[in-house]
file coords-v8.cif (mmCIF, C-alpha atoms)
data_model
#
loop_
_atom_site.group_PDB
_atom_site.id
_atom_site.type_symbol
_atom_site.label_atom_id
_atom_site.label_comp_id
_atom_site.auth_asym_id
_atom_site.auth_seq_id
_atom_site.Cartn_x
_atom_site.Cartn_y
_atom_site.Cartn_z
ATOM 1 C CA MET A 1 50.104 90.013 52.720
ATOM 2 C CA PRO A 2 52.273 92.229 50.485
ATOM 3 C CA THR A 3 55.379 93.657 52.141
ATOM 4 C CA ASN A 4 54.604 96.885 54.032
ATOM 5 C CA ALA A 5 50.937 96.765 53.001
ATOM 6 C CA PRO A 6 47.947 96.817 55.356
ATOM 7 C CA SER A 7 46.350 93.443 55.940
ATOM 8 C CA GLY A 8 43.314 92.611 53.839
ATOM 9 C CA THR A 9 44.410 94.601 50.775
ATOM 10 C CA ASP A 10 45.479 93.219 47.405
ATOM 11 C CA ARG A 11 47.241 96.357 46.296
ATOM 12 C CA PRO A 12 48.785 99.349 48.086
ATOM 13 C CA PRO A 13 46.549 102.399 48.518
ATOM 14 C CA ARG A 14 47.035 105.322 46.182
ATOM 15 C CA ARG A 15 48.188 108.594 47.662
ATOM 16 C CA ARG A 16 45.215 110.939 47.529
ATOM 17 C CA ARG A 17 45.916 114.638 47.223
ATOM 18 C CA LEU A 18 44.111 116.783 49.777
ATOM 19 C CA THR A 19 42.324 119.861 48.496
ATOM 20 C CA ALA A 20 43.299 123.301 49.754
ATOM 21 C CA SER A 21 40.293 123.392 52.087
ATOM 22 C CA GLN A 22 41.068 119.902 53.433
ATOM 23 C CA ARG A 23 44.633 120.963 54.220
ATOM 24 C CA ARG A 24 43.326 123.831 56.335
ATOM 25 C CA ILE A 25 41.466 121.465 58.678
ATOM 26 C CA TRP A 26 43.112 121.309 62.111
ATOM 27 C CA PRO A 27 43.527 118.109 64.182
ATOM 28 C CA THR A 28 40.903 119.356 66.639
ATOM 29 C CA ALA A 29 37.643 117.668 67.543
ATOM 30 C CA ASP A 30 35.692 119.716 64.971
ATOM 31 C CA GLY A 31 38.505 120.670 62.579
ATOM 32 C CA THR A 32 38.498 124.362 63.460
ATOM 33 C CA PRO A 33 41.641 126.315 64.443
ATOM 34 C CA ASP A 34 42.216 125.848 68.171
ATOM 35 C CA PHE A 35 45.205 124.849 70.279
ATOM 36 C CA ASP A 36 43.071 122.565 72.456
ATOM 37 C CA PHE A 37 43.216 119.270 70.550
ATOM 38 C CA THR A 38 41.245 117.246 73.114
ATOM 39 C CA CYS A 39 38.571 114.943 71.714
ATOM 40 C CA LEU A 40 35.481 114.086 73.749
ATOM 41 C CA GLY A 41 36.332 111.548 76.432
ATOM 42 C CA GLU A 42 40.012 111.338 75.464
ATOM 43 C CA ARG A 43 42.169 110.437 78.452
ATOM 44 C CA ARG A 44 45.166 108.628 76.946
ATOM 45 C CA VAL A 45 47.350 109.091 73.887
ATOM 46 C CA ALA A 46 50.165 107.011 72.417
ATOM 47 C CA ILE A 47 53.690 108.370 71.954
ATOM 48 C CA ALA A 48 55.804 106.650 69.288
ATOM 49 C CA GLY A 49 59.447 106.681 68.222
ATOM 50 C CA ASP A 50 60.926 106.330 64.721
ATOM 51 C CA TRP A 51 58.963 104.112 62.314
ATOM 52 C CA GLU A 52 61.342 104.501 59.330
ATOM 53 C CA SER A 53 58.686 103.308 56.823
ATOM 54 C CA ASN A 54 58.778 99.830 58.418
ATOM 55 C CA LEU A 55 55.048 99.294 58.060
ATOM 56 C CA ASP A 56 55.159 95.574 58.826
ATOM 57 C CA ALA A 57 56.467 96.480 62.278
ATOM 58 C CA VAL A 58 53.936 99.319 62.518
ATOM 59 C CA HIS A 59 51.112 96.878 61.791
ATOM 60 C CA ALA A 60 52.200 94.787 64.787
ATOM 61 C CA ILE A 61 52.547 97.907 66.933
ATOM 62 C CA LEU A 62 49.063 99.124 66.095
ATOM 63 C CA ARG A 63 47.588 95.686 66.733
ATOM 64 C CA THR A 64 49.193 95.621 70.187
ATOM 65 C CA LEU A 65 48.104 99.203 70.846
ATOM 66 C CA THR A 66 44.498 98.372 69.933
ATOM 67 C CA ASN A 67 44.504 95.291 72.163
ATOM 68 C CA THR A 68 46.192 97.052 75.098
ATOM 69 C CA ALA A 69 44.643 100.517 74.931
ATOM 70 C CA PRO A 70 41.531 100.381 72.722
ATOM 71 C CA ASP A 71 40.510 103.874 73.868
ATOM 72 C CA VAL A 72 43.554 105.538 72.254
ATOM 73 C CA ARG A 73 42.696 107.535 69.144
ATOM 74 C CA THR A 74 45.730 109.864 68.953
ATOM 75 C CA ILE A 75 49.386 109.067 68.287
ATOM 76 C CA LEU A 76 52.054 111.665 69.008
ATOM 77 C CA HIS A 77 54.943 110.641 66.773
ATOM 78 C CA LEU A 78 58.540 111.710 67.420
ATOM 79 C CA GLY A 79 59.723 111.752 63.817
ATOM 80 C CA ASP A 80 61.215 109.789 60.942
ATOM 81 C CA LEU A 81 58.081 108.307 59.502
ATOM 82 C CA ARG A 82 60.088 108.691 56.267
ATOM 83 C CA TYR A 83 57.775 111.273 54.751
ATOM 84 C CA GLU A 84 59.912 111.649 51.640
ATOM 85 C CA ALA A 85 60.123 113.761 48.515
ATOM 86 C CA PRO A 86 58.769 112.281 45.264
ATOM 87 C CA VAL A 87 61.069 111.288 42.395
ATOM 88 C CA LEU A 88 60.557 111.719 38.676
ATOM 89 C CA VAL A 89 59.610 108.508 36.874
ATOM 90 C CA GLY A 90 58.685 108.837 33.219
ATOM 91 C CA GLY A 91 58.145 112.553 33.642
ATOM 92 C CA LYS A 92 55.757 112.084 36.594
ATOM 93 C CA GLN A 93 56.298 112.622 40.299
ATOM 94 C CA VAL A 94 56.104 109.310 42.156
ATOM 95 C CA PHE A 95 56.374 108.508 45.860
ATOM 96 C CA PRO A 96 58.438 105.276 45.630
ATOM 97 C CA ARG A 97 57.496 103.712 48.966
ATOM 98 C CA ASN A 98 54.115 105.450 49.222
ATOM 99 C CA THR A 99 54.672 105.442 52.990
ATOM 100 C CA ILE A 100 52.145 108.086 53.950
ATOM 101 C CA ALA A 101 49.245 106.564 51.993
ATOM 102 C CA ARG A 102 50.015 103.087 53.371
ATOM 103 C CA LEU A 103 50.346 104.404 56.903
ATOM 104 C CA ASP A 104 47.114 106.374 56.645
ATOM 105 C CA ALA A 105 45.318 103.180 55.614
ATOM 106 C CA LEU A 106 46.795 101.352 58.612
ATOM 107 C CA LEU A 107 45.693 104.087 61.012
ATOM 108 C CA ASP A 108 42.179 103.814 59.602
ATOM 109 C CA GLU A 109 42.226 100.016 59.904
ATOM 110 C CA PHE A 110 43.070 100.201 63.607
ATOM 111 C CA GLY A 111 40.758 103.083 64.508
ATOM 112 C CA ILE A 112 43.422 105.743 65.021
ATOM 113 C CA ARG A 113 41.860 109.126 64.359
ATOM 114 C CA ARG A 114 45.012 111.223 64.017
ATOM 115 C CA LEU A 115 48.790 111.082 64.093
ATOM 116 C CA LEU A 116 50.566 114.315 65.044
ATOM 117 C CA LEU A 117 54.133 114.293 63.776
ATOM 118 C CA THR A 118 57.039 116.066 65.440
ATOM 119 C CA PRO A 119 59.182 115.752 62.300
ATOM 120 C CA GLY A 120 62.578 114.080 62.191
ATOM 121 C CA ASN A 121 65.599 114.725 60.034
ATOM 122 C CA HIS A 122 64.282 112.186 57.500
ATOM 123 C CA ASP A 123 60.862 113.786 57.088
ATOM 124 C CA TRP A 124 61.326 115.930 53.939
ATOM 125 C CA PRO A 125 62.766 119.024 55.671
ATOM 126 C CA GLU A 126 62.731 121.148 52.496
ATOM 127 C CA GLN A 127 58.992 120.726 51.996
ATOM 128 C CA LEU A 128 58.198 121.256 55.672
ATOM 129 C CA HIS A 129 60.359 124.383 55.834
ATOM 130 C CA ALA A 130 58.557 125.839 52.821
ATOM 131 C CA GLU A 131 55.131 125.034 54.237
ATOM 132 C CA VAL A 132 55.870 126.347 57.727
ATOM 133 C CA THR A 133 57.326 129.526 56.244
ATOM 134 C CA ARG A 134 53.955 130.092 54.561
ATOM 135 C CA HIS A 135 51.876 129.056 57.593
ATOM 136 C CA PRO A 136 54.088 129.204 60.727
ATOM 137 C CA ASP A 137 51.259 128.778 63.235
ATOM 138 C CA ARG A 138 49.281 125.980 61.610
ATOM 139 C CA PRO A 139 49.761 122.193 61.581
ATOM 140 C CA TYR A 140 50.482 120.921 58.066
ATOM 141 C CA ARG A 141 48.063 118.181 57.030
ATOM 142 C CA ILE A 142 49.667 115.606 54.716
ATOM 143 C CA SER A 143 46.929 112.937 54.675
ATOM 144 C CA GLU A 144 43.472 112.225 56.076
ATOM 145 C CA ARG A 145 44.855 111.329 59.519
ATOM 146 C CA ILE A 146 48.392 112.760 59.625
ATOM 147 C CA TRP A 147 49.434 116.304 60.539
ATOM 148 C CA VAL A 148 52.986 117.683 60.845
ATOM 149 C CA LEU A 149 53.561 120.138 63.707
ATOM 150 C CA PRO A 150 55.726 123.235 63.167
ATOM 151 C CA ARG A 151 58.917 123.531 65.204
ATOM 152 C CA GLY A 152 57.937 125.194 68.485
ATOM 153 C CA PHE A 153 54.206 124.442 68.194
ATOM 154 C CA ARG A 154 52.226 124.325 71.450
ATOM 155 C CA PHE A 155 48.901 122.575 72.067
ATOM 156 C CA ARG A 156 46.843 120.987 74.821
ATOM 157 C CA LEU A 157 45.297 117.552 75.344
ATOM 158 C CA GLY A 158 43.152 117.114 78.436
ATOM 159 C CA THR A 159 44.833 119.075 81.199
ATOM 160 C CA THR A 160 48.326 118.555 79.722
ATOM 161 C CA THR A 161 50.236 121.127 77.674
ATOM 162 C CA PHE A 162 52.641 120.032 74.929
ATOM 163 C CA LEU A 163 55.500 121.635 73.012
ATOM 164 C CA SER A 164 56.558 120.004 69.739
ATOM 165 C CA PHE A 165 60.091 120.751 68.549
ATOM 166 C CA GLY A 166 61.108 118.735 65.507
ATOM 167 C CA GLY A 167 64.383 118.309 63.670
ATOM 168 C CA ALA A 168 67.795 116.831 64.416
ATOM 169 C CA ALA A 169 71.283 116.574 62.954
ATOM 170 C CA SER A 170 71.851 113.448 60.877
ATOM 171 C CA LEU A 171 74.716 111.342 62.153
ATOM 172 C CA ASP A 172 75.088 109.396 58.915
ATOM 173 C CA LYS A 173 75.166 112.147 56.280
ATOM 174 C CA GLY A 174 75.828 115.835 55.827
ATOM 175 C CA PRO A 175 76.271 118.569 53.201
ATOM 176 C CA GLY A 176 76.832 117.121 49.744
ATOM 177 C CA ASP A 177 75.036 113.865 50.487
ATOM 178 C CA ARG A 178 71.833 113.046 48.627
ATOM 179 C CA GLY A 179 68.785 113.900 50.682
ATOM 180 C CA TRP A 180 70.585 116.028 53.277
ATOM 181 C CA SER A 181 68.908 119.353 54.039
ATOM 182 C CA MET A 182 70.176 122.520 55.677
ATOM 183 C CA HIS A 183 66.746 122.693 57.359
ATOM 184 C CA GLU A 184 66.986 119.339 59.144
ATOM 185 C CA ALA A 185 68.412 120.591 62.462
ATOM 186 C CA PRO A 186 67.111 123.244 64.884
ATOM 187 C CA THR A 187 68.740 126.647 65.279
ATOM 188 C CA ALA A 188 69.328 128.991 68.210
ATOM 189 C CA ASP A 189 66.543 131.216 66.875
ATOM 190 C CA ASP A 190 64.204 128.205 66.911
ATOM 191 C CA VAL A 191 65.021 127.598 70.574
ATOM 192 C CA GLU A 192 64.511 131.252 71.482
ATOM 193 C CA HIS A 193 61.127 131.293 69.742
ATOM 194 C CA ALA A 194 59.977 127.972 71.238
ATOM 195 C CA SER A 195 60.952 128.861 74.796
ATOM 196 C CA ALA A 196 59.453 132.372 74.760
ATOM 197 C CA ALA A 197 56.005 131.218 75.959
ATOM 198 C CA GLY A 198 57.449 129.631 79.100
ATOM 199 C CA THR A 199 57.056 126.205 80.644
ATOM 200 C CA THR A 200 55.174 123.189 79.354
ATOM 201 C CA ASP A 201 54.111 119.844 80.804
ATOM 202 C CA VAL A 202 55.461 117.683 77.961
ATOM 203 C CA LEU A 203 58.260 118.315 75.474
ATOM 204 C CA LEU A 204 58.249 116.274 72.250
ATOM 205 C CA THR A 205 61.481 116.285 70.237
ATOM 206 C CA HIS A 206 63.162 114.189 67.606
ATOM 207 C CA GLU A 207 66.663 115.171 68.676
ATOM 208 C CA ALA A 208 68.058 113.769 71.937
ATOM 209 C CA PRO A 209 68.940 116.171 74.759
ATOM 210 C CA ASP A 210 72.197 115.660 76.619
ATOM 211 C CA PHE A 211 70.628 114.136 79.706
ATOM 212 C CA HIS A 212 72.916 111.088 79.851
ATOM 213 C CA ILE A 213 70.546 108.273 79.097
ATOM 214 C CA ARG A 214 72.978 105.370 79.097
ATOM 215 C CA GLU A 215 71.698 103.743 75.919
ATOM 216 C CA VAL A 216 71.914 107.036 74.000
ATOM 217 C CA ASP A 217 75.418 107.749 75.296
ATOM 218 C CA ASP A 218 76.493 104.301 74.095
ATOM 219 C CA ILE A 219 75.348 105.161 70.553
ATOM 220 C CA LEU A 220 77.318 108.405 70.563
ATOM 221 C CA ARG A 221 80.436 106.742 71.972
ATOM 222 C CA ALA A 222 80.611 104.481 68.912
ATOM 223 C CA ARG A 223 82.673 107.200 67.248
ATOM 224 C CA SER A 224 84.147 104.947 64.565
ATOM 225 C CA THR A 225 80.614 104.583 63.197
ATOM 226 C CA TRP A 226 80.017 108.291 62.565
ATOM 227 C CA PRO A 227 82.026 110.937 60.630
ATOM 228 C CA ALA A 228 83.648 113.497 62.921
ATOM 229 C CA ALA A 229 81.840 116.387 61.226
ATOM 230 C CA ARG A 230 78.475 114.738 61.849
ATOM 231 C CA LEU A 231 79.322 114.106 65.502
ATOM 232 C CA ARG A 232 80.077 117.824 65.854
ATOM 233 C CA ALA A 233 76.785 118.733 64.172
ATOM 234 C CA SER A 234 74.962 116.323 66.456
ATOM 235 C CA ALA A 235 76.591 117.822 69.540
ATOM 236 C CA THR A 236 75.472 121.306 68.487
ATOM 237 C CA SER A 237 71.920 120.128 67.799
ATOM 238 C CA ARG A 238 71.699 118.233 71.092
ATOM 239 C CA ALA A 239 73.002 121.248 73.018
ATOM 240 C CA LEU A 240 70.204 123.394 71.581
ATOM 241 C CA VAL A 241 67.525 120.850 72.525
ATOM 242 C CA THR A 242 69.061 120.580 75.995
ATOM 243 C CA GLU A 243 68.873 124.368 76.332
ATOM 244 C CA LEU A 244 65.214 124.261 75.332
ATOM 245 C CA LEU A 245 64.416 121.468 77.793
ATOM 246 C CA ARG A 246 65.938 123.416 80.664
ATOM 247 C CA ALA A 247 64.077 126.571 79.644
ATOM 248 C CA VAL A 248 60.612 124.998 79.441
ATOM 249 C CA ALA A 249 61.076 122.610 82.406
ATOM 250 C CA PRO A 250 58.697 119.813 81.352
ATOM 251 C CA THR A 251 57.510 117.067 83.646
ATOM 252 C CA HIS A 252 58.017 114.602 80.770
ATOM 253 C CA ALA A 253 60.301 114.827 77.733
ATOM 254 C CA PHE A 254 60.268 112.307 74.879
ATOM 255 C CA HIS A 255 62.637 111.908 71.928
ATOM 256 C CA GLY A 256 63.465 109.497 69.133
ATOM 257 C CA HIS A 257 66.310 109.688 66.586
ATOM 258 C CA MET A 258 68.812 107.417 68.356
ATOM 259 C CA HIS A 259 66.764 104.221 67.807
ATOM 260 C CA VAL A 260 67.301 102.978 71.370
ATOM 261 C CA ALA A 261 65.059 102.888 74.440
ATOM 262 C CA GLY A 262 66.085 104.356 77.763
ATOM 263 C CA GLU A 263 65.064 106.822 80.417
ATOM 264 C CA THR A 264 66.390 109.099 83.123
ATOM 265 C CA HIS A 265 64.727 111.071 85.915
ATOM 266 C CA HIS A 266 66.205 114.173 87.511
ATOM 267 C CA ASP A 267 65.514 117.845 88.279
ATOM 268 C CA GLY A 268 61.768 117.225 88.078
ATOM 269 C CA THR A 269 61.863 115.894 84.496
ATOM 270 C CA SER A 270 61.459 112.309 83.299
ATOM 271 C CA THR A 271 63.214 111.981 79.933
ATOM 272 C CA TYR A 272 62.509 109.020 77.652
ATOM 273 C CA SER A 273 64.300 107.826 74.534
ATOM 274 C CA LEU A 274 62.036 105.720 72.308
ATOM 275 C CA ALA A 275 63.356 102.824 70.235
ATOM 276 C CA VAL A 276 62.935 102.308 66.513
ATOM 277 C CA ALA A 277 59.967 100.328 65.181
ATOM 278 C CA GLY A 278 60.471 96.599 65.609
ATOM 279 C CA LYS A 279 62.261 96.937 68.954
ATOM 280 C CA PRO A 280 60.746 96.969 72.466
ATOM 281 C CA HIS A 281 59.681 100.346 73.845
ATOM 282 C CA ASN A 282 58.951 102.030 70.543
ATOM 283 C CA VAL A 283 55.568 103.169 71.930
ATOM 284 C CA GLY A 284 54.252 104.275 75.294
ATOM 285 C CA ILE A 285 50.917 105.491 76.682
ATOM 286 C CA LEU A 286 50.479 108.878 78.360
ATOM 287 C CA ASP A 287 47.463 109.770 80.493
ATOM 288 C CA VAL A 288 46.730 113.400 79.575
ATOM 289 C CA HIS A 289 44.931 114.075 82.865
ATOM 290 C CA GLU A 290 47.121 112.230 85.369
ATOM 291 C CA SER A 291 50.487 112.723 83.572
ATOM 292 C CA HIS A 292 51.292 109.039 83.989
ATOM 293 C CA PHE A 293 53.437 107.325 81.322
ATOM 294 C CA SER A 294 53.885 103.599 80.751
ATOM 295 C CA TRP A 295 55.499 101.539 77.997
ATOM 296 C CA LEU A 296 53.353 99.554 75.593
ATOM 297 C CA PRO A 297 53.954 95.797 75.937
ATOM 298 C CA ASP A 298 56.178 94.180 73.309
ATOM 299 C CA GLN A 299 54.399 93.537 70.020
ATOM 300 C CA ARG A 300 53.152 89.993 69.555
#
call {"tool": "encode", "arguments": {"input": "coords-v8.cif", "output": "structure tokens"}}
result
Amino acid sequence: MPTNAPSGTDRPPRRRRLTASQRRIWPTADGTPDFDFTCLGERRVAIAGDWESNLDAVHAILRTLTNTAPDVRTILHLGDLRYEAPVLVGGKQVFPRNTIARLDALLDEFGIRRLLLTPGNHDWPEQLHAEVTRHPDRPYRISERIWVLPRGFRFRLGTTTFLSFGGAASLDKGPGDRGWSMHEAPTADDVEHASAAGTTDVLLTHEAPDFHIREVDDILRARSTWPAARLRASATSRALVTELLRAVAPTHAFHGHMHVAGETHHDGTSTYSLAVAGKPHNVGILDVHESHFSWLPDQR
């Protein structure tokens, strides 16, 4: 099997451009604009942490997901798929890793109907900012099965309400570095807008709130690893997400970004950090009627 390619294929899939009308289709049961995303009979959805274009690991994850929870058709992703900007090669725009086309083919192979992305700091912030500025209340469809949710977007699955709040401060790079974007991290205005509609059952973020999950705190204490300016930017970004979490008072909160698994439970909220692809606890299963969450078994 070629590296990062779906099984059973001799060559990687080509990225197919969606037409304007295809982009306007919502991730609802019939494709029409509606904030109730529930599909007929859907009781459980998967929640996934950073995949970082590691599609070999994703293949194993999806195989385990299919074997463990064959009813799941929706993945709520917490960011850093590595939806990246194209580069110019011979005067043409090329997507070097072709991550989205390869991932879309994998989702199809394993019967996943849709992936709803709460974007991370490595998911082409410039493009997403431009698109959301044009259409602030509409999910942005980037492939047949993948939609990106605007920062502060609310929706419902089953009897559970969700708030998606993407973005985070990069710890490894900042202004002046290739690929860094001023739009990667949330702002105070974003928090004010997202919290205005009140509480939610589930909060999906890329950035980690300051809720003292031990494994996350250990990452941040490794100060010699990160530039001081990026640690300050991270602290500001985390404080904003923490403010949002307290304002919307979810029963469950999920985040990625830190690449480690952990959890904490206090003040009526269970907060989970999801690991990076290839490590245990990158994916969990949420019952959207009973509000019960459990980790997916390790990939075999």
call {"tool": "closest_residue", "arguments": {"input": "coords-v8.cif", "among": "A:Gly158, A:Gly198, A:Gly268, A:Pro125", "to": "Leu40 in chain A", "atoms": "only C-alpha atoms"}}
result
A:Gly158
call {"tool": "residues_around", "arguments": {"input": "coords-v8.cif", "residues": "range 81-88 of chain A", "least_positions_apart": "4", "cutoff": "8 Å", "atoms": "all atoms listed in the file", "output": "PyMOL selection string"}}
result
chain A and resi 50-53+92-96+99-100+120+122-124+127
call {"tool": "write_last_selection", "arguments": {"input": "coords-v8.cif", "atoms": "C-alpha atoms", "output": "CSV table (one decimal), keeping the file's coordinate frame"}}
result
chain,number,residue,atom,x,y,z
A,50,ASP,CA,60.9,106.3,64.7
A,51,TRP,CA,59.0,104.1,62.3
A,52,GLU,CA,61.3,104.5,59.3
A,53,SER,CA,58.7,103.3,56.8
A,92,LYS,CA,55.8,112.1,36.6
A,93,GLN,CA,56.3,112.6,40.3
A,94,VAL,CA,56.1,109.3,42.2
A,95,PHE,CA,56.4,108.5,45.9
A,96,PRO,CA,58.4,105.3,45.6
A,99,THR,CA,54.7,105.4,53.0
A,100,ILE,CA,52.1,108.1,54.0
A,120,GLY,CA,62.6,114.1,62.2
A,122,HIS,CA,64.3,112.2,57.5
A,123,ASP,CA,60.9,113.8,57.1
A,124,TRP,CA,61.3,115.9,53.9
A,127,GLN,CA,59.0,120.7,52.0
call {"tool": "resolve_selection", "arguments": {"input": "coords-v8.cif", "expression": "the PyMOL selection byres ((chain A and resi 287-289) around 10)", "output": "list in words"}}
result
Thr38, Glu42, Arg43, Arg44, Val45, Ala46, Arg156, Leu157, Gly158, Thr159, Thr160, Thr161, Asp201, Val202, Ile285, Leu286, Glu290, Ser291, His292, Phe293 and Ser294 of chain A
call {"tool": "axis_aligned_box", "arguments": {"input": "coords-v8.cif", "around": "range 209-224 of chain A", "padding_each_side": "3 Å", "output": "lines of an AutoDock Vina configuration file"}}
result
center_x = 76.5
center_y = 110.0
center_z = 72.2
size_x = 21.2
size_y = 18.4
size_z = 21.3
call {"tool": "resolve_selection", "arguments": {"input": "coords-v8.cif", "expression": "the PyMOL selection byres ((chain A and resi 265) around 12)", "output": "list in words"}}
result
Phe211, His212, Ile213, Pro250, Thr251, His252, Ala253, Phe254, Gly262, Glu263, Thr264, His266, Asp267, Gly268, Thr269, Ser270, Thr271, Tyr272 and Ser273 of chain A
call {"tool": "atom_distance", "arguments": {"input": "coords-v8.cif", "atom1": "CA of Leu240 in chain A", "atom2": "CA of Asp189 in chain A"}}
result
9.8 Å
call {"tool": "closest_residue", "arguments": {"input": "coords-v8.cif", "among": "A:Arg16, A:His257, A:Arg230, A:His77", "to": "Ile142 in chain A", "atoms": "all atoms listed in the file"}}
result
A:Arg16
call {"tool": "atom_distance", "arguments": {"input": "coords-v8.cif", "atom1": "CA of Arg145 in chain A", "atom2": "CA of Leu106 in chain A"}}
result
10.2 Å
call {"tool": "atom_distance", "arguments": {"input": "coords-v8.cif", "atom1": "CA of Ala57 in chain A", "atom2": "CA of Val276 in chain A"}}
result
9.7 Å
call {"tool": "build_atoms", "arguments": {"input": "coords-v8.cif", "residues": "range 144-161 of chain A", "atoms": "N, CA and C atoms", "output": "compact mmCIF listing (two decimals), keeping the file's coordinate frame"}}
result
# COMPACT_ATOMS: atom_id res chain seq x y z
N GLU A 144 44.73 112.16 55.33
CA GLU A 144 43.47 112.22 56.08
C GLU A 144 43.70 112.26 57.58
N ARG A 145 44.68 111.51 58.08
CA ARG A 145 44.86 111.33 59.52
C ARG A 145 46.20 111.80 60.04
N ILE A 146 47.04 112.40 59.21
CA ILE A 146 48.39 112.76 59.62
C ILE A 146 48.62 114.26 59.46
N TRP A 147 49.05 114.89 60.55
CA TRP A 147 49.43 116.30 60.54
C TRP A 147 50.88 116.43 61.01
N VAL A 148 51.62 117.37 60.42
CA VAL A 148 52.99 117.68 60.84
C VAL A 148 52.94 118.98 61.66
N LEU A 149 53.58 118.97 62.82
CA LEU A 149 53.56 120.14 63.71
C LEU A 149 54.79 121.01 63.46
N PRO A 150 54.59 122.33 63.34
CA PRO A 150 55.73 123.24 63.17
C PRO A 150 56.67 123.18 64.36
N ARG A 151 57.92 123.51 64.13
CA ARG A 151 58.92 123.53 65.20
C ARG A 151 58.56 124.63 66.20
N GLY A 152 58.32 124.24 67.45
CA GLY A 152 57.94 125.19 68.48
C GLY A 152 56.45 125.31 68.69
N PHE A 153 55.67 124.39 68.10
CA PHE A 153 54.21 124.44 68.19
C PHE A 153 53.74 123.95 69.56
N ARG A 154 52.79 124.69 70.15
CA ARG A 154 52.23 124.32 71.45
C ARG A 154 50.75 123.97 71.30
N PHE A 155 50.30 122.98 72.08
CA PHE A 155 48.90 122.58 72.07
C PHE A 155 48.56 121.92 73.40
N ARG A 156 47.30 121.60 73.58
CA ARG A 156 46.84 120.99 74.82
C ARG A 156 45.99 119.77 74.53
N LEU A 157 46.14 118.74 75.34
CA LEU A 157 45.30 117.55 75.34
C LEU A 157 44.89 117.29 76.79
N GLY A 158 43.58 117.26 77.06
CA GLY A 158 43.15 117.11 78.44
C GLY A 158 43.63 118.29 79.25
N THR A 159 44.28 118.00 80.37
CA THR A 159 44.83 119.08 81.20
C THR A 159 46.33 119.23 81.00
N THR A 160 46.88 118.58 79.96
CA THR A 160 48.33 118.56 79.72
C THR A 160 48.70 119.46 78.55
N THR A 161 49.73 120.28 78.75
CA THR A 161 50.24 121.13 77.67
C THR A 161 51.45 120.47 77.03
